[in-house]
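*Asks:* The structure file model-v4.cif (mmCIF, C-alpha atoms) is provided below.
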```
data_start
loop_
_atom_site.label_atom_id
_atom_site.label_comp_id
_atom_site.auth_asym_id
_atom_site.auth_seq_id
_atom_site.Cartn_x
_atom_site.Cartn_y
_atom_site.Cartn_z
CA MET A 17 -9.70 -3.21 -0.76
CA ALA A 18 -13.40 -3.68 -1.47
CA ALA A 19 -12.81 -7.26 -2.63
CA ALA A 20 -10.81 -8.07 0.52
CA ALA A 21 -13.53 -6.57 2.73
CA ALA A 22 -16.26 -8.47 0.85
CA GLY A 23 -14.25 -11.65 1.36
CA GLY A 24 -14.39 -11.14 5.13
CA GLY A 25 -10.86 -9.81 5.63
CA CYS A 26 -10.02 -7.60 8.59
CA SER A 27 -7.01 -5.90 7.08
CA LEU A 28 -5.06 -5.70 3.85
CA ILE A 29 -1.32 -5.11 3.47
CA ILE A 30 -0.34 -3.27 0.30
CA ASP A 31 3.25 -2.74 -0.76
CA ALA A 32 3.99 0.14 -3.15
CA LYS A 33 6.25 -2.01 -5.33
CA GLU A 34 3.57 -4.72 -5.67
CA LEU A 35 0.97 -2.07 -6.51
CA TYR A 36 3.30 -0.57 -9.11
CA HIS A 37 3.85 -3.99 -10.74
CA ALA A 38 0.08 -4.63 -10.78
CA ILE A 39 -0.45 -1.39 -12.70
CA CYS A 40 2.71 -1.07 -14.78
CA LYS A 41 4.44 -4.15 -16.17
CA GLY A 42 7.73 -2.32 -16.77
CA PRO A 43 10.69 -2.02 -14.41
CA VAL A 44 10.24 0.02 -11.25
CA SER A 45 10.95 3.70 -11.72
CA ASN A 46 11.20 5.83 -8.59
CA ARG A 47 9.98 8.75 -10.66
CA TRP A 48 6.65 6.94 -11.26
CA MET A 49 6.60 4.95 -8.01
CA ILE A 50 5.90 8.17 -6.10
CA PHE A 51 2.39 8.21 -7.64
CA CYS A 52 1.68 4.79 -6.08
CA CYS A 53 2.97 6.03 -2.71
CA ASN A 54 0.86 9.19 -2.91
CA ALA A 55 -2.27 7.19 -3.77
CA MET A 56 -1.61 4.80 -0.90
CA ARG A 57 -1.15 7.67 1.56
CA ALA A 58 -4.35 9.30 0.31
CA GLU A 59 -6.28 6.10 1.13
CA MET A 60 -4.91 5.89 4.69
CA ALA A 61 -7.30 6.38 7.59
CA GLU A 62 -6.62 6.87 11.28
CA LEU A 63 -6.60 3.12 12.08
CA ASP A 64 -4.21 2.16 9.23
CA ASN A 65 -0.54 1.46 9.99
CA LEU A 66 2.70 2.01 8.13
CA ILE A 67 4.93 -1.06 8.12
CA PHE A 68 8.65 -0.39 8.38
CA ASP A 69 10.95 -3.10 7.04
CA TYR A 70 14.42 -1.75 6.43
CA ALA A 71 15.48 -4.99 4.73
CA ASN A 72 12.83 -4.38 2.05
CA ASP A 73 13.66 -1.90 -0.71
CA THR A 74 10.05 -0.78 -1.25
CA LEU A 75 9.19 2.84 -0.58
CA LEU A 76 5.96 2.24 1.32
CA THR A 77 3.98 -0.62 2.88
CA VAL A 78 0.62 0.01 4.57
CA ASN A 79 -1.64 -2.25 6.63
CA TYR A 80 -5.14 -0.96 5.87
CA LYS A 81 -7.96 -1.76 8.31
CA LEU A 82 -10.89 -2.83 6.13
CA PRO A 83 -14.39 -1.36 6.48
CA GLY A 84 -16.53 -3.36 8.86
CA ALA A 85 -13.52 -5.08 10.45
CA GLU A 86 -14.29 -3.56 13.86
CA SER A 87 -17.58 -5.45 13.99
CA ARG A 88 -15.91 -8.83 13.40
#
```
Any chance you could put this one into structure tokens?

*Replies:*
Amino acid sequence: MAAAAAGGGCSLIIDAKELYHAICKGPVSNRWMIFCCNAMRAEMAELDNLIFDYANDTLLTVNYKLPGAESR
């Protein structure tokens, strides 16, 4: 998120499955995926939004508002 904010971004969408694959190169395991979801929820602030896409099999997708975005 810091790199996206430094690059001038206003928001960053993170998908739990993509985060999981960035950390763990193995197949997705719902047992371990919950840790990614919990970390993503812990980072959420009041202005962040959950994205619901029922066609997508991911457990969680969040649109994070980046620091300083309100001044842009």

*Asks:* So which residues fall inside 9 Å of (-1.9, -5.5, 7.2) if we count all atoms listed in the file? Mind giving them as a PyMOL selection string?

*Replies:* chain A and resi 26-30+64-67+77-81

*Asks:* With C-alpha atoms kept, could you save the residues just selected as a PDB file, keeping the file's coordinate frame?

*Replies:*
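Generated file (out25.pdb):
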```
ATOM      1  CA  CYS A  26     -10.020  -7.600   8.590  1.00  0.00           C
ATOM      2  CA  SER A  27      -7.010  -5.900   7.080  1.00  0.00           C
ATOM      3  CA  LEU A  28      -5.060  -5.700   3.850  1.00  0.00           C
ATOM      4  CA  ILE A  29      -1.320  -5.110   3.470  1.00  0.00           C
ATOM      5  CA  ILE A  30      -0.340  -3.270   0.300  1.00  0.00           C
ATOM      6  CA  ASP A  64      -4.210   2.160   9.230  1.00  0.00           C
ATOM      7  CA  ASN A  65      -0.540   1.460   9.990  1.00  0.00           C
ATOM      8  CA  LEU A  66       2.700   2.010   8.130  1.00  0.00           C
ATOM      9  CA  ILE A  67       4.930  -1.060   8.120  1.00  0.00           C
ATOM     10  CA  THR A  77       3.980  -0.620   2.880  1.00  0.00           C
ATOM     11  CA  VAL A  78       0.620   0.010   4.570  1.00  0.00           C
ATOM     12  CA  ASN A  79      -1.640  -2.250   6.630  1.00  0.00           C
ATOM     13  CA  TYR A  80      -5.140  -0.960   5.870  1.00  0.00           C
ATOM     14  CA  LYS A  81      -7.960  -1.760   8.310  1.00  0.00           C
TER      15      LYS A  81
END
```

*Asks:* Would you pick out the contacts of region 56-59 of chain A at 8 Å or less, using only C-alpha atoms, so that residues sharing its chain but fewer than 3 positions from it are not included, and give the list as a list in words?

*Replies:* Ala32, Cys52, Cys53 and Val78 of chain A

*Asks:* Output the residue selection produced by the PyMOL selection byres ((chain A and resi 33) around 10) on the file above, formatted as an mmCIF file with C-alpha atoms, keeping the file's coordinate frame.

*Replies:*
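Output contents, as saved in expr_0.cif:
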```cif
data_model
loop_
_atom_site.group_PDB
_atom_site.id
_atom_site.type_symbol
_atom_site.label_atom_id
_atom_site.label_comp_id
_atom_site.auth_asym_id
_atom_site.auth_seq_id
_atom_site.Cartn_x
_atom_site.Cartn_y
_atom_site.Cartn_z
ATOM 1 C CA ILE A 30 -0.340 -3.270 0.300
ATOM 2 C CA ASP A 31 3.250 -2.740 -0.760
ATOM 3 C CA ALA A 32 3.990 0.140 -3.150
ATOM 4 C CA GLU A 34 3.570 -4.720 -5.670
ATOM 5 C CA LEU A 35 0.970 -2.070 -6.510
ATOM 6 C CA TYR A 36 3.300 -0.570 -9.110
ATOM 7 C CA HIS A 37 3.850 -3.990 -10.740
ATOM 8 C CA ALA A 38 0.080 -4.630 -10.780
ATOM 9 C CA ILE A 39 -0.450 -1.390 -12.700
ATOM 10 C CA VAL A 44 10.240 0.020 -11.250
ATOM 11 C CA SER A 45 10.950 3.700 -11.720
ATOM 12 C CA ASN A 46 11.200 5.830 -8.590
ATOM 13 C CA MET A 49 6.600 4.950 -8.010
ATOM 14 C CA CYS A 52 1.680 4.790 -6.080
ATOM 15 C CA CYS A 53 2.970 6.030 -2.710
ATOM 16 C CA ASP A 73 13.660 -1.900 -0.710
ATOM 17 C CA THR A 74 10.050 -0.780 -1.250
ATOM 18 C CA LEU A 75 9.190 2.840 -0.580
ATOM 19 C CA LEU A 76 5.960 2.240 1.320
ATOM 20 C CA THR A 77 3.980 -0.620 2.880
#
```

*Asks:* Could you check how far CA of Pro83 (chain A) sits from CA of Ala18 (chain A), in Å to one decimal?

*Replies:*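 Value for the CA of Pro83 (chain A)-CA of Ala18 (chain A) distance: 8.3 Å.
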
*Asks:* I'd like the box whose edges run along x, y and z of the file and which contains every listed atom of region 80-84 of chain A, padded by 4 Å per side; could you state its centre and edge lengths in Å, one decimal, as AutoDock Vina command-line options?

*Replies:*
```
--center_x -10.8 --center_y -2.2 --center_z 7.4 --size_x 19.4 --size_y 10.4 --size_z 11.0
```

*Asks:* What's the separation between CA of Ile50 (chain A) and CA of Ala21 (chain A), in Å to one decimal place?

*Replies:*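 Between CA of Ile50 (chain A) and CA of Ala21 (chain A) the gap works out to 25.9 Å.
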
*Asks:* Just to confirm, what's the straight-line distance from CA of Met60 (chain A) to CA of Met17 (chain A) in Å (one decimal)?

*Replies:*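 So the two atoms, CA of Met60 (chain A) and CA of Met17 (chain A), lie 11.6 Å apart.
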
*Asks:* Because some atoms of region 38-49 of chain A are absent here, can you restore all heavy atoms and send them as an mmCIF file, in the frame of the given file?

*Replies:*
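Heads up, here's the output in result-v4.cif:
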```
data_model
loop_
_atom_site.group_PDB
_atom_site.id
_atom_site.type_symbol
_atom_site.label_atom_id
_atom_site.label_comp_id
_atom_site.auth_asym_id
_atom_site.auth_seq_id
_atom_site.Cartn_x
_atom_site.Cartn_y
_atom_site.Cartn_z
ATOM 1 N N ALA A 38 1.445 -4.273 -10.370
ATOM 2 C CA ALA A 38 0.080 -4.630 -10.780
ATOM 3 C C ALA A 38 -0.454 -3.651 -11.823
ATOM 4 O O ALA A 38 -1.270 -4.021 -12.659
ATOM 5 C CB ALA A 38 -0.839 -4.647 -9.564
ATOM 6 N N ILE A 39 0.026 -2.422 -11.778
ATOM 7 C CA ILE A 39 -0.450 -1.390 -12.700
ATOM 8 C C ILE A 39 0.440 -1.283 -13.936
ATOM 9 O O ILE A 39 -0.043 -1.173 -15.049
ATOM 10 C CB ILE A 39 -0.508 -0.024 -11.978
ATOM 11 C CG1 ILE A 39 -1.525 -0.085 -10.853
ATOM 12 C CG2 ILE A 39 -0.836 1.095 -12.951
ATOM 13 C CD1 ILE A 39 -1.454 1.091 -9.906
ATOM 14 N N CYS A 40 1.734 -1.288 -13.709
ATOM 15 C CA CYS A 40 2.710 -1.070 -14.780
ATOM 16 C C CYS A 40 3.616 -2.295 -14.876
ATOM 17 O O CYS A 40 4.250 -2.663 -13.895
ATOM 18 C CB CYS A 40 3.534 0.174 -14.481
ATOM 19 S SG CYS A 40 4.806 0.503 -15.693
ATOM 20 N N LYS A 41 3.667 -2.916 -16.018
ATOM 21 C CA LYS A 41 4.440 -4.150 -16.170
ATOM 22 C C LYS A 41 5.931 -3.898 -16.398
ATOM 23 O O LYS A 41 6.717 -4.812 -16.422
ATOM 24 C CB LYS A 41 3.888 -4.987 -17.337
ATOM 25 C CG LYS A 41 2.423 -5.324 -17.180
ATOM 26 C CD LYS A 41 2.138 -6.054 -15.887
ATOM 27 C CE LYS A 41 0.666 -6.364 -15.765
ATOM 28 N NZ LYS A 41 0.230 -6.684 -14.447
ATOM 29 N N GLY A 42 6.331 -2.648 -16.536
ATOM 30 C CA GLY A 42 7.730 -2.320 -16.770
ATOM 31 C C GLY A 42 8.548 -2.346 -15.493
ATOM 32 O O GLY A 42 8.038 -2.603 -14.405
ATOM 33 N N PRO A 43 9.836 -2.059 -15.600
ATOM 34 C CA PRO A 43 10.690 -2.020 -14.410
ATOM 35 C C PRO A 43 10.296 -0.853 -13.499
ATOM 36 O O PRO A 43 9.746 0.149 -13.948
ATOM 37 C CB PRO A 43 12.101 -1.817 -14.982
ATOM 38 C CG PRO A 43 11.898 -1.287 -16.353
ATOM 39 C CD PRO A 43 10.568 -1.776 -16.825
ATOM 40 N N VAL A 44 10.592 -1.005 -12.223
ATOM 41 C CA VAL A 44 10.240 0.020 -11.250
ATOM 42 C C VAL A 44 11.044 1.283 -11.508
ATOM 43 O O VAL A 44 12.250 1.239 -11.675
ATOM 44 C CB VAL A 44 10.490 -0.480 -9.813
ATOM 45 C CG1 VAL A 44 10.295 0.633 -8.802
ATOM 46 C CG2 VAL A 44 9.583 -1.652 -9.500
ATOM 47 N N SER A 45 10.337 2.385 -11.544
ATOM 48 C CA SER A 45 10.950 3.700 -11.720
ATOM 49 C C SER A 45 10.550 4.553 -10.533
ATOM 50 O O SER A 45 9.362 4.770 -10.307
ATOM 51 C CB SER A 45 10.469 4.342 -13.022
ATOM 52 O OG SER A 45 10.772 5.717 -13.026
ATOM 53 N N ASN A 46 11.523 5.011 -9.757
ATOM 54 C CA ASN A 46 11.200 5.830 -8.590
ATOM 55 C C ASN A 46 10.441 7.084 -8.980
ATOM 56 O O ASN A 46 9.638 7.592 -8.214
ATOM 57 C CB ASN A 46 12.465 6.201 -7.820
ATOM 58 C CG ASN A 46 12.991 5.034 -7.018
ATOM 59 O OD1 ASN A 46 12.300 4.052 -6.791
ATOM 60 N ND2 ASN A 46 14.225 5.131 -6.599
ATOM 61 N N ARG A 47 10.679 7.563 -10.190
ATOM 62 C CA ARG A 47 9.980 8.750 -10.660
ATOM 63 C C ARG A 47 8.473 8.500 -10.742
ATOM 64 O O ARG A 47 7.667 9.357 -10.429
ATOM 65 C CB ARG A 47 10.532 9.145 -12.029
ATOM 66 C CG ARG A 47 10.027 10.481 -12.503
ATOM 67 C CD ARG A 47 10.694 10.832 -13.782
ATOM 68 N NE ARG A 47 9.838 10.344 -14.862
ATOM 69 C CZ ARG A 47 10.035 10.609 -16.126
ATOM 70 N NH1 ARG A 47 11.086 11.285 -16.494
ATOM 71 N NH2 ARG A 47 9.218 10.168 -17.045
ATOM 72 N N TRP A 48 8.063 7.287 -11.152
ATOM 73 C CA TRP A 48 6.650 6.940 -11.260
ATOM 74 C C TRP A 48 6.111 6.266 -10.013
ATOM 75 O O TRP A 48 4.918 6.315 -9.735
ATOM 76 C CB TRP A 48 6.408 6.062 -12.488
ATOM 77 C CG TRP A 48 6.674 6.812 -13.744
ATOM 78 C CD1 TRP A 48 7.730 6.640 -14.584
ATOM 79 C CD2 TRP A 48 5.901 7.881 -14.296
ATOM 80 N NE1 TRP A 48 7.671 7.531 -15.617
ATOM 81 C CE2 TRP A 48 6.542 8.312 -15.473
ATOM 82 C CE3 TRP A 48 4.735 8.515 -13.914
ATOM 83 C CZ2 TRP A 48 6.062 9.337 -16.267
ATOM 84 C CZ3 TRP A 48 4.251 9.545 -14.703
ATOM 85 C CH2 TRP A 48 4.908 9.945 -15.860
ATOM 86 N N MET A 49 6.998 5.640 -9.243
ATOM 87 C CA MET A 49 6.600 4.950 -8.010
ATOM 88 C C MET A 49 5.986 5.930 -7.009
ATOM 89 O O MET A 49 5.100 5.559 -6.236
ATOM 90 C CB MET A 49 7.798 4.257 -7.392
ATOM 91 C CG MET A 49 7.521 3.604 -6.071
ATOM 92 S SD MET A 49 6.647 2.075 -6.216
ATOM 93 C CE MET A 49 8.021 0.980 -6.239
#
```
